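Everything below concerns the one structure shown next.
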Amino acid sequence: MEGNAFSAFAITALRLAGHLTAAGDHLAKPAGQTSARWQVLAAARRGDMSVAQIARALGLARQGVQRLADVLEKEGLIAYADNPQHQRAKLVRLTAEGAARLGLIEAAQAGWADGLGAAFTATELDAARAVMARVMEMLEAVEASRD
């Protein structure tokens, strides 16, 4: 019985992920970006992460993040910096232009989130987030045990 409920939850989560990606693409488009590029720009703002670290944090393949980062670097939105911890794994840093584009996206996202968030209580959203976080932790533990 719980397996059926979990399967329904997983299908709903996957459908939600698709809708969130489409919404993210729409929000990022005026800044000339996509959801995936937005995620890398936001991670680059930290300034202390390599491509591999960004990929792990986002749950994405390193090669895919590397391709995105290389395009963003060619467009002047990020820059690679020396990493004192690793000679070959450069740190990804947001440029002033990258920060400006990210600011445009985040301003649009804030209004969008406020509009959708108004349909729920903070308690409802916190409970949903907590369940999702537990599922992610369990799946990450399973993945780590395979390595």
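Each chain of the structure tokens is named A, B, ... in the order shown, its residues numbered from 1; ligands are numbered from 1 in display order.
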Selection: 10 Å around range 132-147 of chain A, only C-alpha atoms, excl. self and same-chain fewer than 6 positions, as a PyMOL selection string: chain A and resi 6+9-10+13+59+126
If you count only C-alpha atoms, which residues fall within 9 Å of Ala96 in chain A, apart from same-chain ones fewer than 6 positions away, as an MDAnalysis selection string? chainID A and resid 76:78
Could those selected residues go to a file with N, CA and C atoms, as a tab-separated table (two decimals), in the first residue's frame?
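This is the output file selection.tsv:
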chain	number	residue	atom	x	y	z
A	76	GLY	N	30.86	35.67	-21.00
A	76	GLY	CA	31.30	36.65	-20.02
A	76	GLY	C	30.44	36.71	-18.76
A	77	LEU	N	29.66	35.66	-18.51
A	77	LEU	CA	28.77	35.66	-17.34
A	77	LEU	C	29.42	35.00	-16.12
A	78	ILE	N	30.38	34.14	-16.37
A	78	ILE	CA	31.19	33.57	-15.29
A	78	ILE	C	32.65	33.65	-15.71
Per-residue DSSP, chain A, filtered to helix (DSSP H, G or I), as a ChimeraX atom specification: /A:2-31,35-44,51-58,62-74,96-117,122-146
Which polymer residues have any atom within 9 Å of an atom of Ala22 in chain A, counting only C-alpha atoms, with same-chain residues fewer than 5 positions away left out, as a PyMOL selection string? chain A and resi 17+27+35
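The space between CA of Leu94 in chain A and CA of Ala44 in chain A spans 5.1 Å.
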For Asp25 in chain A, find every residue with an atom within 9 Å (counting only C-alpha atoms), except residues of its own chain fewer than 5 positions away, and show them as a PyMOL selection string. chain A and resi 20+33-36+38
What would the file look like if the residues just selected were written as a PDB file, in the first residue's frame with N, CA and C atoms?
ATOM      1  N   LEU A  20       8.180  23.018 -13.155  1.00  0.00           N
ATOM      2  CA  LEU A  20       9.100  23.997 -12.574  1.00  0.00           C
ATOM      3  C   LEU A  20      10.220  24.361 -13.548  1.00  0.00           C
ATOM      4  N   GLN A  33      18.611  33.418 -20.684  1.00  0.00           N
ATOM      5  CA  GLN A  33      19.096  32.219 -20.020  1.00  0.00           C
ATOM      6  C   GLN A  33      18.028  31.122 -20.018  1.00  0.00           C
ATOM      7  N   THR A  34      18.394  29.963 -19.484  1.00  0.00           N
ATOM      8  CA  THR A  34      17.493  28.835 -19.273  1.00  0.00           C
ATOM      9  C   THR A  34      17.552  28.471 -17.791  1.00  0.00           C
ATOM     10  N   SER A  35      16.685  27.561 -17.390  1.00  0.00           N
ATOM     11  CA  SER A  35      16.713  27.097 -15.994  1.00  0.00           C
ATOM     12  C   SER A  35      18.078  26.519 -15.624  1.00  0.00           C
ATOM     13  N   ALA A  36      18.630  25.711 -16.512  1.00  0.00           N
ATOM     14  CA  ALA A  36      19.920  25.073 -16.225  1.00  0.00           C
ATOM     15  C   ALA A  36      21.028  26.110 -16.085  1.00  0.00           C
ATOM     16  N   TRP A  38      20.617  29.234 -15.277  1.00  0.00           N
ATOM     17  CA  TRP A  38      20.282  29.978 -14.065  1.00  0.00           C
ATOM     18  C   TRP A  38      20.853  29.274 -12.846  1.00  0.00           C
TER      19      TRP A  38
END
When you count only C-alpha atoms, which of these residues is closest to Arg101 in chain A: A:His19, A:Arg45, A:Lys74, A:His86? A:Arg45
Could you give me, as a VMD selection string, each residue of chain A that DSSP assigns to strand (DSSP E) when run on this structure's backbone? chain A and resid 49 to 50 78 to 83 86 to 94
Please, could you write that set of residues out with N, CA and C atoms as a compact mmCIF listing (two decimals), in the first residue's frame?
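Result file follows (selection.txt):
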# COMPACT_ATOMS: atom_id res chain seq x y z
N MET A 49 33.23 27.29 -5.53
CA MET A 49 32.88 25.94 -5.98
C MET A 49 33.47 25.67 -7.36
N SER A 50 33.93 24.44 -7.54
CA SER A 50 34.38 23.99 -8.85
C SER A 50 33.18 23.47 -9.63
N ILE A 78 30.38 34.14 -16.37
CA ILE A 78 31.19 33.57 -15.29
C ILE A 78 32.65 33.65 -15.71
N ALA A 79 33.53 33.48 -14.75
CA ALA A 79 34.96 33.40 -15.03
C ALA A 79 35.54 32.26 -14.20
N TYR A 80 36.56 31.64 -14.72
CA TYR A 80 37.25 30.59 -13.98
C TYR A 80 38.40 31.23 -13.21
N ALA A 81 38.58 30.78 -11.98
CA ALA A 81 39.65 31.30 -11.12
C ALA A 81 40.47 30.14 -10.57
N ASP A 82 41.71 30.42 -10.24
CA ASP A 82 42.56 29.39 -9.65
C ASP A 82 41.96 28.89 -8.34
N ASN A 83 42.13 27.61 -8.13
CA ASN A 83 41.62 26.94 -6.94
C ASN A 83 42.81 26.55 -6.07
N HIS A 86 43.01 22.74 -5.53
CA HIS A 86 43.16 21.80 -6.65
C HIS A 86 43.65 22.55 -7.88
N GLN A 87 44.80 22.15 -8.43
CA GLN A 87 45.39 22.89 -9.56
C GLN A 87 44.53 22.87 -10.81
N ARG A 88 43.91 21.74 -11.12
CA ARG A 88 43.16 21.64 -12.38
C ARG A 88 41.69 22.03 -12.25
N ALA A 89 41.09 21.85 -11.10
CA ALA A 89 39.67 22.14 -10.92
C ALA A 89 39.48 23.61 -10.57
N LYS A 90 39.28 24.41 -11.57
CA LYS A 90 39.13 25.86 -11.37
C LYS A 90 37.84 26.17 -10.61
N LEU A 91 37.85 27.29 -9.92
CA LEU A 91 36.64 27.77 -9.25
C LEU A 91 35.81 28.56 -10.24
N VAL A 92 34.50 28.51 -10.08
CA VAL A 92 33.58 29.21 -10.98
C VAL A 92 33.11 30.47 -10.26
N ARG A 93 33.35 31.61 -10.88
CA ARG A 93 33.00 32.90 -10.27
C ARG A 93 32.04 33.66 -11.16
N LEU A 94 31.09 34.32 -10.56
CA LEU A 94 30.13 35.14 -11.28
C LEU A 94 30.77 36.47 -11.65
In Å to one decimal, how far is CA of Ile105 in chain A from CA of Ala31 in chain A? 6.6 Å
